[in-house]
Structure formats: structure tokens, C-alpha cells
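What's in model06.pdb: PDB, C-alpha atoms
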```pdb
MODEL        1
ATOM      1  CA  MET A   1     138.789  87.914 123.261  1.00  0.00           C
ATOM      2  CA  ALA A   2     135.516  86.897 121.589  1.00  0.00           C
ATOM      3  CA  ILE A   3     136.885  83.420 120.843  1.00  0.00           C
ATOM      4  CA  VAL A   4     137.863  82.949 124.476  1.00  0.00           C
ATOM      5  CA  VAL A   5     134.380  83.986 125.637  1.00  0.00           C
ATOM      6  CA  ILE A   6     132.756  81.621 123.138  1.00  0.00           C
ATOM      7  CA  LEU A   7     134.978  78.746 124.272  1.00  0.00           C
ATOM      8  CA  VAL A   8     134.244  79.397 127.946  1.00  0.00           C
ATOM      9  CA  VAL A   9     130.490  79.534 127.322  1.00  0.00           C
ATOM     10  CA  ALA A  10     130.645  76.374 125.185  1.00  0.00           C
ATOM     11  CA  LEU A  11     132.550  74.504 127.893  1.00  0.00           C
ATOM     12  CA  MET A  12     130.054  75.646 130.520  1.00  0.00           C
ATOM     13  CA  LEU A  13     127.165  74.460 128.374  1.00  0.00           C
ATOM     14  CA  LEU A  14     128.776  71.123 127.582  1.00  0.00           C
ATOM     15  CA  ASN A  15     129.649  70.491 131.215  1.00  0.00           C
ATOM     16  CA  CYS A  16     126.006  69.671 131.881  1.00  0.00           C
ATOM     17  CA  ALA A  17     125.109  68.201 128.480  1.00  0.00           C
ATOM     18  CA  PRO A  18     123.374  64.831 128.093  1.00  0.00           C
ATOM     19  CA  GLY A  19     125.806  61.935 128.445  1.00  0.00           C
ATOM     20  CA  ASN A  20     127.657  63.666 131.274  1.00  0.00           C
ATOM     21  CA  GLU A  21     129.182  61.418 133.942  1.00  0.00           C
ATOM     22  CA  ARG A  22     126.986  63.153 136.524  1.00  0.00           C
ATOM     23  CA  TRP A  23     124.115  60.934 135.375  1.00  0.00           C
ATOM     24  CA  ASP A  24     126.255  57.794 134.978  1.00  0.00           C
ATOM     25  CA  GLN A  25     124.597  55.122 137.125  1.00  0.00           C
ATOM     26  CA  ASP A  26     127.907  53.325 137.784  1.00  0.00           C
ATOM     27  CA  ILE A  27     129.352  56.460 139.423  1.00  0.00           C
ATOM     28  CA  ASN A  28     126.243  58.104 140.940  1.00  0.00           C
ATOM     29  CA  TYR A  29     123.722  55.314 141.437  1.00  0.00           C
ATOM     30  CA  GLY A  30     120.132  56.556 141.604  1.00  0.00           C
ATOM     31  CA  ASP A  31     120.962  60.114 140.497  1.00  0.00           C
ATOM     32  CA  LYS A  32     118.787  60.686 137.431  1.00  0.00           C
ATOM     33  CA  ALA A  33     118.042  63.718 135.291  1.00  0.00           C
ATOM     34  CA  GLY A  34     114.732  65.367 136.220  1.00  0.00           C
ATOM     35  CA  PHE A  35     112.390  68.090 134.973  1.00  0.00           C
ATOM     36  CA  TRP A  36     114.766  71.063 135.266  1.00  0.00           C
ATOM     37  CA  VAL A  37     117.611  69.158 133.656  1.00  0.00           C
ATOM     38  CA  GLY A  38     115.220  68.216 130.846  1.00  0.00           C
ATOM     39  CA  ILE A  39     114.462  71.887 130.246  1.00  0.00           C
ATOM     40  CA  TRP A  40     118.183  72.660 130.153  1.00  0.00           C
ATOM     41  CA  HIS A  41     118.920  69.782 127.752  1.00  0.00           C
ATOM     42  CA  GLY A  42     116.080  70.957 125.504  1.00  0.00           C
ATOM     43  CA  LEU A  43     117.455  74.494 125.504  1.00  0.00           C
ATOM     44  CA  ILE A  44     120.994  73.455 124.532  1.00  0.00           C
ATOM     45  CA  ILE A  45     119.960  70.810 121.995  1.00  0.00           C
ATOM     46  CA  VAL A  46     121.417  72.659 118.998  1.00  0.00           C
ATOM     47  CA  ILE A  47     124.852  72.881 120.620  1.00  0.00           C
ATOM     48  CA  THR A  48     124.777  69.306 121.902  1.00  0.00           C
ATOM     49  CA  PHE A  49     123.687  68.037 118.488  1.00  0.00           C
ATOM     50  CA  ILE A  50     126.666  69.701 116.804  1.00  0.00           C
ATOM     51  CA  VAL A  51     129.053  68.376 119.459  1.00  0.00           C
ATOM     52  CA  SER A  52     127.499  64.887 119.269  1.00  0.00           C
ATOM     53  CA  LEU A  53     128.501  64.720 115.608  1.00  0.00           C
ATOM     54  CA  PHE A  54     132.168  64.805 116.632  1.00  0.00           C
ATOM     55  CA  THR A  55     132.229  62.888 119.933  1.00  0.00           C
ATOM     56  CA  LYS A  56     130.521  59.868 121.472  1.00  0.00           C
ATOM     57  CA  GLU A  57     130.608  61.253 125.031  1.00  0.00           C
ATOM     58  CA  VAL A  58     127.859  63.828 124.386  1.00  0.00           C
ATOM     59  CA  GLY A  59     124.327  62.929 123.328  1.00  0.00           C
ATOM     60  CA  ILE A  60     121.276  65.032 122.663  1.00  0.00           C
ATOM     61  CA  TYR A  61     119.061  63.205 125.183  1.00  0.00           C
ATOM     62  CA  GLU A  62     119.892  61.877 128.647  1.00  0.00           C
ATOM     63  CA  ILE A  63     118.916  58.206 128.890  1.00  0.00           C
ATOM     64  CA  ASN A  64     119.248  58.115 132.701  1.00  0.00           C
ATOM     65  CA  ASN A  65     116.207  60.233 133.459  1.00  0.00           C
ATOM     66  CA  THR A  66     113.139  60.230 135.717  1.00  0.00           C
ATOM     67  CA  GLY A  67     110.732  59.503 132.879  1.00  0.00           C
ATOM     68  CA  TRP A  68     107.827  61.774 131.996  1.00  0.00           C
ATOM     69  CA  PRO A  69     109.053  64.766 134.085  1.00  0.00           C
ATOM     70  CA  TYR A  70     112.355  64.801 132.198  1.00  0.00           C
ATOM     71  CA  ASN A  71     110.553  64.306 128.862  1.00  0.00           C
ATOM     72  CA  LEU A  72     108.156  67.170 129.636  1.00  0.00           C
ATOM     73  CA  GLY A  73     111.034  69.465 130.579  1.00  0.00           C
ATOM     74  CA  PHE A  74     112.964  68.407 127.480  1.00  0.00           C
ATOM     75  CA  LEU A  75     109.997  69.244 125.233  1.00  0.00           C
ATOM     76  CA  ILE A  76     109.486  72.626 126.916  1.00  0.00           C
ATOM     77  CA  GLY A  77     113.170  73.473 126.472  1.00  0.00           C
ATOM     78  CA  LEU A  78     113.056  72.226 122.899  1.00  0.00           C
ATOM     79  CA  LEU A  79     110.089  74.468 122.107  1.00  0.00           C
ATOM     80  CA  PHE A  80     111.884  77.501 123.489  1.00  0.00           C
ATOM     81  CA  SER A  81     115.162  76.819 121.709  1.00  0.00           C
ATOM     82  CA  VAL A  82     113.954  75.560 118.334  1.00  0.00           C
ATOM     83  CA  GLY A  83     110.193  75.791 117.903  1.00  0.00           C
ATOM     84  CA  GLY A  84     109.462  79.237 119.319  1.00  0.00           C
ATOM     85  CA  GLY A  85     112.156  81.002 117.312  1.00  0.00           C
ATOM     86  CA  ILE A  86     111.001  79.568 114.000  1.00  0.00           C
ATOM     87  CA  ARG A  87     107.433  80.766 114.396  1.00  0.00           C
ATOM     88  CA  ILE A  88     108.416  84.285 115.471  1.00  0.00           C
ATOM     89  CA  GLY A  89     110.998  84.541 112.695  1.00  0.00           C
ATOM     90  CA  THR A  90     108.611  83.534 109.914  1.00  0.00           C
ATOM     91  CA  ARG A  91     105.994  85.997 111.151  1.00  0.00           C
ATOM     92  CA  ARG A  92     108.502  88.834 111.124  1.00  0.00           C
ATOM     93  CA  ARG A  93     109.727  87.866 107.670  1.00  0.00           C
ATOM     94  CA  ARG A  94     106.153  87.807 106.383  1.00  0.00           C
ATOM     95  CA  ILE A  95     105.547  91.301 107.764  1.00  0.00           C
ATOM     96  CA  ARG A  96     108.797  92.585 106.275  1.00  0.00           C
ATOM     97  CA  ARG A  97     108.034  90.999 102.895  1.00  0.00           C
ATOM     98  CA  TYR A  98     104.595  92.677 102.905  1.00  0.00           C
ATOM     99  CA  GLU A  99     106.174  96.029 103.749  1.00  0.00           C
ATOM    100  CA  TRP A 100     108.728  95.674 100.940  1.00  0.00           C
ATOM    101  CA  ASP A 101     105.997  94.699  98.478  1.00  0.00           C
ATOM    102  CA  GLU A 102     104.027  97.791  99.482  1.00  0.00           C
ATOM    103  CA  ILE A 103     107.102 100.031  99.096  1.00  0.00           C
ATOM    104  CA  GLY A 104     107.850  98.428  95.707  1.00  0.00           C
ATOM    105  CA  ASP A 105     104.295  99.110  94.520  1.00  0.00           C
ATOM    106  CA  ARG A 106     104.556 102.752  95.569  1.00  0.00           C
ATOM    107  CA  VAL A 107     107.901 103.220  93.804  1.00  0.00           C
ATOM    108  CA  GLU A 108     106.591 101.491  90.674  1.00  0.00           C
ATOM    109  CA  GLU A 109     103.545 103.765  90.589  1.00  0.00           C
ATOM    110  CA  ARG A 110     105.677 106.913  90.947  1.00  0.00           C
ATOM    111  CA  VAL A 111     108.058 105.786  88.204  1.00  0.00           C
ATOM    112  CA  ARG A 112     105.113 104.986  85.941  1.00  0.00           C
ATOM    113  CA  LYS A 113     103.607 108.449  86.532  1.00  0.00           C
ATOM    114  CA  GLY A 114     106.976 110.127  85.920  1.00  0.00           C
ATOM    115  CA  ILE A 115     107.575 108.282  82.653  1.00  0.00           C
ATOM    116  CA  LYS A 116     104.022 108.995  81.476  1.00  0.00           C
ATOM    117  CA  ALA A 117     104.459 112.725  82.197  1.00  0.00           C
ATOM    118  CA  TRP A 118     107.846 112.720  80.464  1.00  0.00           C
ATOM    119  CA  LEU A 119     106.436 111.030  77.337  1.00  0.00           C
ATOM    120  CA  GLU A 120     103.522 113.465  77.142  1.00  0.00           C
ATOM    121  CA  GLU A 121     105.966 116.362  77.496  1.00  0.00           C
ATOM    122  CA  THR A 122     108.128 115.121  74.619  1.00  0.00           C
ATOM    123  CA  LYS A 123     105.047 114.784  72.382  1.00  0.00           C
ATOM    124  CA  LYS A 124     104.025 118.360  73.102  1.00  0.00           C
ATOM    125  CA  GLU A 125     107.457 119.767  72.340  1.00  0.00           C
ATOM    126  CA  GLY A 126     107.855 117.782  69.120  1.00  0.00           C
ATOM    127  CA  LYS A 127     111.151 116.144  70.081  1.00  0.00           C
ATOM    128  CA  GLU A 128     110.417 112.961  68.168  1.00  0.00           C
ATOM    129  CA  LYS A 129     113.206 113.601  65.623  1.00  0.00           C
ATOM    130  CA  GLU A 130     115.754 113.960  68.428  1.00  0.00           C
ATOM    131  CA  TRP A 131     114.664 110.622  69.878  1.00  0.00           C
ATOM    132  CA  GLU A 132     114.942 108.944  66.487  1.00  0.00           C
ATOM    133  CA  GLU A 133     118.541 110.180  66.259  1.00  0.00           C
ATOM    134  CA  ILE A 134     119.304 108.922  69.761  1.00  0.00           C
ATOM    135  CA  ALA A 135     117.767 105.522  68.954  1.00  0.00           C
ATOM    136  CA  ARG A 136     119.870 105.271  65.765  1.00  0.00           C
ATOM    137  CA  LYS A 137     123.089 106.047  67.674  1.00  0.00           C
ATOM    138  CA  ILE A 138     122.269 103.477  70.372  1.00  0.00           C
ATOM    139  CA  GLU A 139     121.556 100.849  67.720  1.00  0.00           C
ATOM    140  CA  GLU A 140     124.925 101.565  66.035  1.00  0.00           C
ATOM    141  CA  LYS A 141     126.787 101.231  69.351  1.00  0.00           C
ATOM    142  CA  ILE A 142     125.058  97.936  70.139  1.00  0.00           C
ATOM    143  CA  LYS A 143     125.905  96.555  66.688  1.00  0.00           C
ATOM    144  CA  LYS A 144     129.543  97.646  67.108  1.00  0.00           C
ATOM    145  CA  ALA A 145     129.787  96.034  70.563  1.00  0.00           C
ATOM    146  CA  LEU A 146     128.205  92.796  69.279  1.00  0.00           C
ATOM    147  CA  LYS A 147     130.585  92.691  66.311  1.00  0.00           C
ATOM    148  CA  GLU A 148     133.599  93.129  68.618  1.00  0.00           C
ATOM    149  CA  TRP A 149     132.276  90.396  70.898  1.00  0.00           C
ATOM    150  CA  VAL A 150     131.698  87.984  67.998  1.00  0.00           C
ATOM    151  CA  ASP A 151     135.150  88.671  66.532  1.00  0.00           C
ATOM    152  CA  LYS A 152     136.915  87.783  69.820  1.00  0.00           C
ATOM    153  CA  LYS A 153     138.653  84.426  69.904  1.00  0.00           C
TER     154      LYS A 153
ENDMDL
END
```
How does the structure come out when it is put into C-alpha cells?
Amino acid sequence: MAIVVILVVALMLLNCAPGNERWDQDINYGDKAGFWVGIWHGLIIVITFIVSLFTKEVGIYEINNTGWPYNLGFLIGLLFSVGGGIRIGTRRRRIRRYEWDEIGDRVEERVRKGIKAWLEETKKEGKEKEWEEIARKIEEKIKKALKEWVDKK
């Protein structure tokens, strides 16, 4: 169902894309694309660009236009479809990145405090010999794993 909807919307958008026979001067003499058509062509530029890669019938800019009104409309549509989204997106990403950096700093500080408290606790209780035993066992396991890895063909 989603594919059908996408195809219908794509066909509707391409029906009034630049290069359409509606603006062909041999068929409709004197009928040129104006301001509102320029806005529309600027809005759908991403779709028309992708389609223009595969067909010669669709372009990204209508050459049979009224001049500066079409160009102005095209630029306005282009800003809304491409330019406006980029600026808003980068601002949101910057805010999110700042928030994640702040959260990371908070977590790091809490972990640091927890480890510091844990180390001070182990010093008070005199558990240094237990930790030496644990360190020796870990070292033996690492050596055994490295030996097995080296001996593999």
C-alpha cells in the first residue's frame, strides 16, 4: 500500500515538473512558467533532479519561463526545500550534541566519584592482598588466551 501511495505522489509531482509539455512552445505557444510555477519547481527540485538522472524528458529548471518572476519563485522554493532544512537540522544537531556532552560529563563525574569512594574503602579495609590475587589470576588468564591465539594456525 505504501509503495502505491509513493508512486501516485511521485507521478503527481512529476506531472508538473520542469520539461513538461505544458510549457512546450510548439504545443502551447506563449504559455510560459511564472512565479508560482517557479516556487513549485524549486520545492520539488530534489525529486526532479533524481528523475533527471534517468530521463531526458524531465529537467530541474524550466527554460520556457517569464524571466525574473520565475527565477524569484524558483529561488524561494529552493530555499524552502533545500536551504531551510539544512540550517534547522544543523542547529538541532548542535543542541543535541551539547546535551549529550553535558550528560556524558555528568556520568563521567559520578563514575569518578564512585571509583574514588570504592578505592578509599578498599584501603581502609586492607583488601590489598585480595586484589593482588585477583590481578595475578587475570594476568594468568590473559597469558593463556594469548598463547592459545598465537598457537592457532
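The space separating atom CA of A:Lys129 from atom CA of A:Lys113 comes to 23.6 Å.
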The residue from A:Ile39, A:Val4, A:Val51, A:Ala33 with the smallest atom-to-atom distance to A:Ile76, counting all atoms listed in the file, is A:Ile39
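Atom CA of A:Leu72 lies 11.2 Å from atom CA of A:His41.
For the pair atom CA of A:Lys116 and atom CA of A:Lys141, the interatomic distance is 26.9 Å.
Among the candidates A:Glu139, A:Glu102, A:Asp151, A:Glu62, the residue lying nearest to A:Ile45 is A:Glu62 (atoms considered: all atoms listed in the file).
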As AutoDock Vina command-line options: centre and edge lengths in Å, one decimal, of the axis-aligned box holding stretch 98-108 of chain A with 5 Å per side:
```
--center_x 106.4 --center_y 97.9 --center_z 97.2 --size_x 14.7 --size_y 20.5 --size_z 23.1
```
Counting only C-alpha atoms, the residue among A:Phe54, A:Tyr98, A:Trp40, A:Phe35 that lies closest to A:Trp68 is A:Phe35
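In this comparison, which uses all atoms listed in the file, the residue of A:Ile50, A:Leu43, A:Ile138, A:Val58 approaching A:Phe74 most closely is A:Leu43.
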At a cut-off of 10 Å, using only C-alpha atoms, what residues contact A:Phe49? Leave out same-chain residues fewer than 6 positions from it and give the result as a PDB file with C-alpha atoms, in the frame of the given file.
```pdb
ATOM      1  CA  VAL A  58     127.859  63.828 124.386  1.00  0.00           C
ATOM      2  CA  GLY A  59     124.327  62.929 123.328  1.00  0.00           C
ATOM      3  CA  ILE A  60     121.276  65.032 122.663  1.00  0.00           C
ATOM      4  CA  TYR A  61     119.061  63.205 125.183  1.00  0.00           C
TER       5      TYR A  61
END
```
